[in-house]
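> coords21.txt (compact mmCIF, C-alpha atoms) pasted underneath:
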```
# COMPACT_ATOMS: atom_id res chain seq x y z
CA MET U 9 108.67 91.66 100.94
CA SER U 10 110.22 89.69 103.77
CA ALA U 11 112.94 87.12 103.08
CA GLU U 12 110.48 84.29 103.71
CA GLN U 13 107.94 85.74 101.28
CA ARG U 14 110.61 86.14 98.60
CA ALA U 15 111.70 82.53 99.11
CA HIS U 16 108.17 81.24 98.51
CA VAL U 17 107.71 83.40 95.41
CA GLU U 18 111.05 82.30 93.96
CA VAL U 19 110.14 78.63 94.43
CA ASP U 20 106.72 79.16 92.83
CA PHE U 21 108.30 80.88 89.81
CA ASN U 22 111.09 78.25 89.61
CA LEU U 23 113.81 80.82 90.26
CA ASP U 24 115.50 78.87 93.06
CA ARG U 25 117.97 76.26 91.76
CA GLU U 26 117.87 74.33 95.02
CA HIS U 27 114.20 73.54 94.41
CA ALA U 28 114.19 73.39 90.61
CA HIS U 29 111.62 70.78 89.57
CA PRO U 30 109.29 70.50 86.57
CA THR U 31 106.04 71.02 88.49
CA LEU U 32 104.89 73.51 91.10
CA THR U 33 103.81 70.68 93.42
CA GLU U 34 107.30 69.17 93.35
CA ARG U 35 108.93 72.53 94.04
CA GLN U 36 106.65 73.25 96.98
CA GLU U 37 107.18 69.77 98.42
CA SER U 38 110.93 70.27 98.12
CA LEU U 39 110.72 73.54 100.03
CA ALA U 40 108.47 71.94 102.65
CA GLN U 41 111.04 69.19 103.19
CA LYS U 42 113.77 71.77 103.71
CA LEU U 43 111.66 73.81 106.14
CA GLY U 44 110.44 70.71 107.97
CA CYS U 45 106.76 71.53 107.55
CA ALA U 46 103.77 70.20 105.64
CA ALA U 47 103.41 70.96 101.93
CA LYS U 48 100.02 72.56 102.58
CA THR U 49 101.74 75.06 104.90
CA VAL U 50 104.10 76.02 102.07
CA ARG U 51 101.16 76.35 99.69
CA ARG U 52 99.28 78.60 102.11
CA HIS U 53 102.31 80.81 102.67
CA ALA U 54 103.00 80.90 98.92
CA ASP U 55 99.44 82.04 98.20
CA GLN U 56 99.77 84.86 100.73
CA ALA U 57 103.20 85.84 99.40
CA LEU U 58 101.88 86.01 95.84
CA GLU U 59 98.94 88.15 96.97
CA THR U 60 101.41 90.47 98.68
CA LEU U 61 103.53 90.65 95.51
CA VAL U 62 100.51 91.46 93.34
CA TYR U 63 99.40 94.21 95.69
CA MET U 64 102.89 95.68 95.94
CA LEU U 65 103.13 95.85 92.15
CA LEU U 66 99.72 97.49 91.88
CA ALA U 67 100.37 99.90 94.73
CA ASP U 68 103.79 100.89 93.42
CA GLN U 69 102.34 101.58 89.98
CA LYS U 70 99.54 103.66 91.45
CA THR U 71 101.75 105.75 93.73
CA THR U 72 104.87 106.19 91.59
CA ASP U 73 103.91 109.70 90.49
CA GLU U 74 102.79 110.65 94.01
CA GLN U 75 105.78 109.52 96.10
CA PRO U 76 109.15 111.23 96.50
CA ALA U 77 111.95 109.48 94.64
CA GLU U 78 113.55 108.11 97.81
CA ASP U 79 110.26 106.49 98.86
CA ARG U 80 109.71 104.87 95.46
CA THR U 81 112.92 102.88 95.76
CA ARG U 82 111.81 101.42 99.08
CA GLY U 83 108.24 100.65 98.04
CA VAL U 84 107.01 102.39 101.21
CA GLY U 85 103.50 102.82 99.85
CA ALA U 86 102.93 99.08 99.64
CA VAL U 87 104.36 97.88 102.97
CA LEU U 88 101.41 98.49 105.26
CA PRO U 89 98.59 97.44 102.90
CA ALA U 90 100.44 94.18 102.23
CA PHE U 91 101.13 93.55 105.92
CA TRP U 92 97.48 94.12 106.86
CA ARG U 93 96.21 92.10 103.84
CA LEU U 94 94.38 95.13 102.43
CA MET U 95 94.22 93.86 98.88
CA PRO U 96 91.87 95.62 96.43
CA GLY U 97 88.31 94.54 97.17
CA ALA U 98 89.27 92.84 100.45
CA ARG U 99 86.45 92.38 102.96
CA VAL U 100 87.44 93.63 106.41
CA ASP U 101 85.30 93.08 109.51
CA ILE U 102 86.02 94.99 112.73
CA VAL U 103 84.43 93.56 115.88
CA CYS U 104 84.74 96.21 118.58
CA SER U 105 84.23 95.65 122.31
CA GLU U 106 80.92 96.79 123.77
CA ILE U 107 79.98 98.36 127.08
CA PRO U 108 77.93 96.06 129.39
CA GLU U 109 74.21 96.79 129.18
CA ASP U 110 73.91 98.04 132.76
CA GLU U 111 76.63 100.65 132.13
CA ARG U 112 75.39 102.00 128.79
CA PRO U 113 73.69 105.39 128.42
CA GLU U 114 69.97 105.39 127.67
CA TYR U 115 70.52 106.49 124.07
CA ALA U 116 72.47 103.30 123.37
CA THR U 117 69.14 101.44 123.25
CA PRO U 118 67.41 101.30 119.83
CA ALA U 119 64.08 102.18 121.46
CA ASP U 120 65.40 105.54 122.66
CA ARG U 121 64.27 108.54 120.59
CA ASN U 122 67.91 109.75 120.36
CA TYR U 123 69.40 106.34 119.64
CA LEU U 124 73.11 106.31 118.78
CA ARG U 125 74.43 102.93 117.65
CA TYR U 126 78.03 103.66 118.59
CA ALA U 127 77.09 104.63 122.14
CA LYS U 128 77.36 100.95 123.13
CA PHE U 129 80.86 100.54 121.67
CA ALA U 130 83.96 100.59 123.87
CA ASP U 131 87.47 101.28 122.49
CA LEU U 132 85.94 103.80 120.08
CA ASP U 133 89.28 105.56 119.55
CA THR U 134 90.75 102.36 118.15
CA LEU U 135 87.71 101.62 115.98
CA ILE U 136 87.81 105.09 114.40
CA TYR U 137 91.58 104.93 113.97
CA LEU U 138 91.41 101.54 112.19
CA ARG U 139 88.63 102.60 109.87
CA THR U 140 90.48 105.80 108.99
CA ARG U 141 93.86 104.21 108.38
CA PHE U 142 92.45 101.30 106.37
CA ALA U 143 90.60 103.77 104.12
CA GLN U 144 93.78 105.79 103.68
CA LEU U 145 95.89 102.73 102.88
CA ASN U 146 93.43 101.32 100.36
CA PRO U 147 90.09 103.02 99.66
CA ASP U 148 89.00 99.94 97.68
CA VAL U 149 88.63 97.68 100.75
CA VAL U 150 85.16 97.05 102.18
CA VAL U 151 85.12 97.71 105.93
CA ARG U 152 82.20 96.89 108.21
CA ASP U 153 82.04 97.17 112.01
CA PHE U 154 80.11 95.12 114.53
CA ALA U 155 79.61 94.75 118.24
CA PRO U 156 80.33 91.19 119.45
CA SER U 157 76.65 90.64 120.21
CA GLU U 158 75.70 91.31 116.58
CA TYR U 159 78.61 89.68 114.74
CA TYR U 160 78.11 86.70 112.45
CA ASP U 161 80.41 84.83 110.07
CA THR U 162 80.71 86.90 106.90
CA GLN U 163 83.67 84.98 105.37
CA ALA U 164 85.78 88.12 105.68
CA ASP U 165 89.32 88.25 104.32
CA VAL U 166 90.49 90.14 107.41
CA LEU U 167 88.92 90.07 110.88
CA CYS U 168 90.00 92.71 113.40
CA VAL U 169 88.92 92.08 117.00
CA VAL U 170 89.27 95.25 119.06
CA GLY U 171 89.41 95.18 122.85
CA GLY U 172 90.29 92.41 125.28
CA PRO U 173 88.25 89.51 126.63
CA PRO U 174 86.32 91.29 129.45
CA TRP U 175 84.18 93.34 127.05
CA ASN U 176 84.66 91.45 123.79
CA ALA U 177 83.08 88.01 123.52
CA THR U 178 84.64 87.48 120.08
CA PHE U 179 88.13 87.89 121.59
CA ARG U 180 87.24 85.25 124.18
CA GLU U 181 86.50 82.76 121.41
CA PHE U 182 90.17 82.89 120.36
CA LEU U 183 91.64 82.46 123.86
CA PRO U 184 92.13 78.65 123.54
CA MET U 185 94.45 79.31 120.56
CA LEU U 186 96.57 81.92 122.35
CA PRO U 187 99.72 81.58 124.47
CA PHE U 188 98.55 84.31 126.85
CA TYR U 189 95.53 85.59 128.75
CA PHE U 190 94.59 88.67 130.72
CA GLU U 191 94.15 87.80 134.40
CA PRO U 192 90.69 89.10 135.39
CA HIS U 193 90.52 91.47 138.35
CA ALA U 194 87.73 93.53 139.88
CA LEU U 195 86.45 96.58 137.98
CA GLY U 196 88.85 99.47 138.53
CA GLU U 197 91.91 97.22 138.84
CA ASP U 198 94.42 96.20 136.20
CA ASP U 199 94.06 92.94 134.28
CA PRO U 200 97.74 91.95 133.82
CA LEU U 201 98.99 89.95 130.86
CA VAL U 202 100.01 86.38 131.73
CA VAL U 203 102.22 84.19 129.50
CA PRO U 204 102.17 80.78 131.24
CA ALA U 205 104.86 79.08 129.13
CA LEU U 206 107.37 81.79 130.10
CA GLY U 207 106.14 82.21 133.67
CA LEU U 208 105.51 85.89 132.95
CA THR U 209 103.02 88.32 134.44
CA ILE U 210 103.23 91.83 133.00
CA GLY U 211 101.08 94.81 133.89
CA PRO U 212 100.81 98.55 133.31
CA HIS U 213 103.41 100.83 134.91
CA TRP U 214 102.12 103.48 137.34
CA THR U 215 103.76 106.28 139.32
CA ALA U 216 103.62 106.39 143.11
CA LYS U 217 100.68 108.80 142.68
CA GLN U 218 98.86 106.24 140.50
CA GLU U 219 99.47 108.12 137.27
CA LEU U 220 99.71 105.82 134.28
CA LEU U 221 103.16 105.76 132.68
CA GLN U 222 102.88 102.78 130.34
CA ASP U 223 100.28 100.27 129.24
CA LEU U 224 100.90 97.10 127.26
CA ALA U 225 99.97 97.02 123.58
CA VAL U 226 99.26 93.40 122.57
CA LEU U 227 98.77 92.64 118.87
CA THR U 228 98.14 89.08 117.69
CA ARG U 229 97.97 87.75 114.13
CA LEU U 230 96.40 84.37 113.36
CA THR U 231 95.73 82.73 110.00
CA LEU U 232 92.66 80.49 109.92
CA ALA U 233 92.32 77.39 107.76
CA ASN U 234 89.72 79.16 105.60
CA GLY U 235 92.27 81.84 104.70
CA THR U 236 90.96 84.60 106.98
CA THR U 237 93.67 86.66 108.66
CA VAL U 238 92.72 87.59 112.23
CA PHE U 239 94.21 90.52 114.13
CA LEU U 240 93.48 90.78 117.86
CA PHE U 241 94.05 94.18 119.48
CA GLY U 242 94.43 93.93 123.25
CA GLY U 243 95.83 95.76 126.23
CA CYS U 244 95.49 95.91 129.99
CA LEU U 245 93.69 99.25 129.52
CA THR U 246 92.14 101.07 126.56
CA LEU U 247 95.47 102.85 125.97
CA GLY U 248 97.11 99.52 125.17
CA VAL U 249 94.40 98.58 122.70
CA LEU U 250 94.90 101.83 120.78
CA GLY U 251 98.67 101.38 120.98
CA ALA U 252 98.35 97.91 119.43
CA ALA U 253 96.67 99.51 116.41
CA ARG U 254 98.98 102.50 116.08
CA CYS U 255 102.23 100.59 116.46
CA LEU U 256 102.06 98.99 113.00
CA LEU U 257 99.77 101.47 111.25
CA GLU U 258 101.36 104.87 111.75
CA PRO U 259 102.84 106.41 108.59
CA ASP U 260 106.58 105.85 108.17
CA ARG U 261 107.21 104.40 111.64
CA GLY U 262 104.48 101.83 111.13
CA SER U 263 106.08 100.73 107.86
CA ARG U 264 109.46 100.30 109.52
CA SER U 265 107.92 98.38 112.42
CA ALA U 266 105.93 96.13 110.06
CA ASP U 267 109.12 95.39 108.12
CA TYR U 268 110.87 94.54 111.39
CA ILE U 269 108.14 92.04 112.34
CA SER U 270 108.00 90.49 108.86
CA ASP U 271 111.76 90.00 108.78
CA LEU U 272 111.57 88.06 112.05
CA VAL U 273 108.41 85.97 111.60
CA GLY U 274 107.60 86.09 107.88
CA LEU U 275 104.00 84.92 107.40
CA ASP U 276 103.80 83.01 110.68
CA ASP U 277 101.29 83.70 113.44
CA PHE U 278 102.67 86.06 116.08
CA VAL U 279 101.99 87.85 119.34
CA LEU U 280 103.60 91.27 119.73
CA VAL U 281 103.83 93.00 123.11
CA THR U 282 105.24 96.51 123.37
CA GLU U 283 104.81 99.68 125.39
CA ALA U 284 102.17 102.36 124.83
CA ARG U 285 102.38 105.74 126.55
CA ARG U 286 100.02 108.70 126.73
CA ILE U 287 101.69 112.09 127.02
CA GLY U 288 98.84 114.52 127.41
CA ALA U 289 96.66 113.89 124.36
CA LEU U 290 99.49 112.20 122.44
CA ILE U 291 99.85 108.43 122.06
CA ASP U 292 103.48 107.32 121.99
CA VAL U 293 104.44 103.89 120.66
CA PRO U 294 107.99 102.81 119.80
CA ASP U 295 109.50 102.46 116.36
CA LEU U 296 110.34 98.75 116.50
CA SER U 297 113.19 99.16 114.05
CA ALA U 298 114.91 101.32 116.69
CA ILE U 299 113.51 99.95 119.97
CA GLU U 300 112.81 96.22 120.09
CA PRO U 301 109.45 95.07 121.48
CA LEU U 302 109.04 93.76 125.01
CA LEU U 303 108.05 90.36 123.68
CA LEU U 304 107.51 88.67 120.33
CA LEU U 305 106.14 85.13 120.11
CA ALA U 306 105.63 83.23 116.86
CA ARG U 307 104.59 79.83 115.54
CA THR U 308 104.57 77.97 112.26
CA ALA U 309 101.26 76.27 111.33
CA ASN U 310 99.67 75.04 114.58
CA GLU U 311 102.89 74.40 116.49
CA PRO U 312 103.32 75.97 119.96
CA PHE U 313 104.27 79.63 120.17
CA THR U 314 107.91 80.26 121.06
CA ALA U 315 109.75 83.43 122.04
CA VAL U 316 111.56 85.21 119.20
CA VAL U 317 112.34 88.37 121.21
CA ASP U 318 112.16 88.75 125.00
CA ASN U 319 113.01 92.13 126.51
CA THR U 320 110.48 91.96 129.33
CA SER U 321 113.23 92.51 131.90
CA ARG U 322 113.29 96.20 130.93
CA HIS U 323 109.63 96.70 131.90
CA PRO U 324 109.27 97.66 135.60
CA ALA U 325 105.91 95.90 136.09
CA THR U 326 107.15 92.43 135.10
CA ASN U 327 107.12 89.36 137.34
CA ARG U 328 108.79 86.15 136.25
CA ALA U 329 108.07 82.95 138.11
CA SER U 330 111.18 81.35 139.61
CA THR U 331 112.17 77.97 138.19
```
Let's see the structure in the file written out as structure tokens.

Amino acid sequence: MSAEQRAHVEVDFNLDREHAHPTLTERQESLAQKLGCAAKTVRRHADQALETLVYMLLADQKTTDEQPAEDRTRGVGAVLPAFWRLMPGARVDIVCSEIPEDERPEYATPADRNYLRYAKFADLDTLIYLRTRFAQLNPDVVVRDFAPSEYYDTQADVLCVVGGPPWNATFREFLPMLPFYFEPHALGEDDPLVVPALGLTIGPHWTAKQELLQDLAVLTRLTLANGTTVFLFGGCLTLGVLGAARCLLEPDRGSRSADYISDLVGLDDFVLVTEARRIGALIDVPDLSAIEPLLLLARTANEPFTAVVDNTSRHPATNRAST
């Protein structure tokens, strides 16, 4: 668990002398006063921290006989399921971008005799990767996938929105809440990432022969008032979308990277921007515990996002507005 999660659990269990009060409400209000936030924010974070603790205990018990001794001491088996809110029985919806109707193959239409539902989906690599990794991390979660045109509110515990605004209408619904946008360009051109508050425009990195060296992997986590955790997977190109999924889901490296993010932002909303590379058929994303991300923004409750980490100067395709 992150330091922030432990702090909330200790207050709830009356293990912190600084906030020792007879009732849970008093303890949480005391912590809220110290953190300078609303008591309901502390309660929400405490609920999530307790859910994480429960899952970690269950996961550790289940995997004790399966993990090497050095892994048991670190609780590696519980890090990723807890980070992604994959509690037993959790309902996970994946809304994957879809190809525009005029660009779809004929068999993407239900009336076609060889109809294939997934033929209308874009970012299929990411969709398959998410479904596979979620099933590996916790086979007890219920995962369903949708195209934006067919999605409806299912009161999911976790909502994963795959693919950026151009081909994902569900992603566009969250844009007013975000501190960034992808600047739309003509088909065949890059849609760079723009962070207005920092005066940043960041795009993919190409060689002189127009060979792609790096795309941007952009992963956003939001917590809605109804308790749903939303993950938005974006990128300037499809490579970045897949990189956003792999960065915090790969075995071992994903656990270390998830720990790195949790240590910095706790349970707060965040926007993570890092590099994604394709080397032949291999997808290469950094281990964030060894190589810091390009950019990490975070916010508490509904306050504005602020920069926690900013290494964008190392990325060749970065423009910063002069002040």
> Quick one: pull the distance between CA of Thr308 (chain U) and CA of Ala233 (chain U), Å, one decimal.
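So the two atoms, CA of Thr308 (chain U) and CA of Ala233 (chain U), lie 13.1 Å apart.
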> With distances taken over all atoms listed in the file, which of U:Leu61, U:Leu183, U:Ala194, U:Leu290 is nearest to Val87 (chain U)?
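Nearest to Val87 (chain U): U:Leu61.
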> Which residues are close to region 200-215 of chain U, i.e. within 8 Å by all atoms listed in the file, leaving aside same-chain residues fewer than 4 positions away? Reply as a PDB file with C-alpha atoms, in the frame of the given file.

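Saved as around-v6.pdb:
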```pdb
ATOM      1  CA  PRO U 187      99.720  81.580 124.470  1.00  0.00           C
ATOM      2  CA  PHE U 188      98.550  84.310 126.850  1.00  0.00           C
ATOM      3  CA  TYR U 189      95.530  85.590 128.750  1.00  0.00           C
ATOM      4  CA  PHE U 190      94.590  88.670 130.720  1.00  0.00           C
ATOM      5  CA  GLU U 191      94.150  87.800 134.400  1.00  0.00           C
ATOM      6  CA  PRO U 192      90.690  89.100 135.390  1.00  0.00           C
ATOM      7  CA  GLU U 219      99.470 108.120 137.270  1.00  0.00           C
ATOM      8  CA  LEU U 220      99.710 105.820 134.280  1.00  0.00           C
ATOM      9  CA  LEU U 221     103.160 105.760 132.680  1.00  0.00           C
ATOM     10  CA  GLN U 222     102.880 102.780 130.340  1.00  0.00           C
ATOM     11  CA  ASP U 223     100.280 100.270 129.240  1.00  0.00           C
ATOM     12  CA  LEU U 224     100.900  97.100 127.260  1.00  0.00           C
ATOM     13  CA  CYS U 244      95.490  95.910 129.990  1.00  0.00           C
ATOM     14  CA  PRO U 324     109.270  97.660 135.600  1.00  0.00           C
ATOM     15  CA  ALA U 325     105.910  95.900 136.090  1.00  0.00           C
ATOM     16  CA  THR U 326     107.150  92.430 135.100  1.00  0.00           C
ATOM     17  CA  ASN U 327     107.120  89.360 137.340  1.00  0.00           C
ATOM     18  CA  ARG U 328     108.790  86.150 136.250  1.00  0.00           C
ATOM     19  CA  ALA U 329     108.070  82.950 138.110  1.00  0.00           C
ATOM     20  CA  SER U 330     111.180  81.350 139.610  1.00  0.00           C
TER      21      SER U 330
END
```
> Could you check which residues have any atom within 10 Å of (98.9, 81.8, 121.7), counting all atoms listed in the file with coordinates taken straight from the file, and then list them as a PDB file with C-alpha atoms, in the coordinates of the input?

```pdb
ATOM      1  CA  PHE U 182      90.170  82.890 120.360  1.00  0.00           C
ATOM      2  CA  LEU U 183      91.640  82.460 123.860  1.00  0.00           C
ATOM      3  CA  PRO U 184      92.130  78.650 123.540  1.00  0.00           C
ATOM      4  CA  MET U 185      94.450  79.310 120.560  1.00  0.00           C
ATOM      5  CA  LEU U 186      96.570  81.920 122.350  1.00  0.00           C
ATOM      6  CA  PRO U 187      99.720  81.580 124.470  1.00  0.00           C
ATOM      7  CA  PHE U 188      98.550  84.310 126.850  1.00  0.00           C
ATOM      8  CA  TYR U 189      95.530  85.590 128.750  1.00  0.00           C
ATOM      9  CA  VAL U 203     102.220  84.190 129.500  1.00  0.00           C
ATOM     10  CA  ALA U 205     104.860  79.080 129.130  1.00  0.00           C
ATOM     11  CA  THR U 228      98.140  89.080 117.690  1.00  0.00           C
ATOM     12  CA  ARG U 229      97.970  87.750 114.130  1.00  0.00           C
ATOM     13  CA  LEU U 230      96.400  84.370 113.360  1.00  0.00           C
ATOM     14  CA  ASP U 277     101.290  83.700 113.440  1.00  0.00           C
ATOM     15  CA  PHE U 278     102.670  86.060 116.080  1.00  0.00           C
ATOM     16  CA  VAL U 279     101.990  87.850 119.340  1.00  0.00           C
ATOM     17  CA  LEU U 305     106.140  85.130 120.110  1.00  0.00           C
ATOM     18  CA  ALA U 306     105.630  83.230 116.860  1.00  0.00           C
ATOM     19  CA  ARG U 307     104.590  79.830 115.540  1.00  0.00           C
ATOM     20  CA  ASN U 310      99.670  75.040 114.580  1.00  0.00           C
ATOM     21  CA  GLU U 311     102.890  74.400 116.490  1.00  0.00           C
ATOM     22  CA  PRO U 312     103.320  75.970 119.960  1.00  0.00           C
ATOM     23  CA  PHE U 313     104.270  79.630 120.170  1.00  0.00           C
ATOM     24  CA  THR U 314     107.910  80.260 121.060  1.00  0.00           C
TER      25      THR U 314
END
```
> Which residues are near Ile291 (chain U)? Cut-off 10 Å, only C-alpha atoms, ignore same chain within fewer than 3 positions. Put them as a PyMOL selection string.
chain U and resi 247-248+250-251+254-255+284-288
> Looking at U:Ala309, U:Ile299, U:Val226, U:Leu58, which one is nearest to Arg264 (chain U), with distances taken over all atoms listed in the file?
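Comparing U:Ala309, U:Ile299, U:Val226, U:Leu58 against Arg264 (chain U), the winner is U:Ile299.
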> CA of Leu280 (chain U) to CA of Leu227 (chain U): how many Å, to one decimal?
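Interatomic distance here is 5.1 Å.
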> What does the distance between CA of Val317 (chain U) and CA of Arg141 (chain U) come to in Å, to one decimal place?
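Separating CA of Val317 (chain U) from CA of Arg141 (chain U) is a distance of 27.5 Å.
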> Counting only C-alpha atoms, which residue out of U:Glu18, U:Glu106, U:Glu114, U:Asp101 sits closest to Gln163 (chain U)?
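When distances to Gln163 (chain U) are compared using only C-alpha atoms, the smallest one comes from U:Asp101.
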> Report as a list in words all protein, DNA and RNA residues lying within 8 Å of region 148-155 of chain U, evaluated on all atoms listed in the file, omitting residues in the same chain fewer than 4 positions from it.
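So the residues in contact are Leu94, Met95, Pro96, Gly97, Ala98, Arg99, Val100, Asp101, Ile102, Val103, Cys104, Ser105, Glu106, Phe129, Arg139, Phe142, Ala143 and Tyr159 of chain U.
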> Between U:Asp267, U:Asp165, U:Glu158, U:Asp55, single out the one closest to Ala86 (chain U), counting only C-alpha atoms.
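Smallest separation from Ala86 (chain U) among the options: U:Asp267.
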> With distances taken over all atoms listed in the file, which residue among U:Thr231, U:Ala47, U:Arg125, U:Pro301 lies nearest Trp92 (chain U)?
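Answer, going by the shortest atom-to-atom distance: U:Thr231.
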> Which of these residues is nearest to Glu283 (chain U), using only C-alpha atoms: U:Ala40, U:Phe241, U:Pro89, U:Ala225?
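Ranked by minimum distance to Glu283 (chain U), first place goes to U:Ala225.
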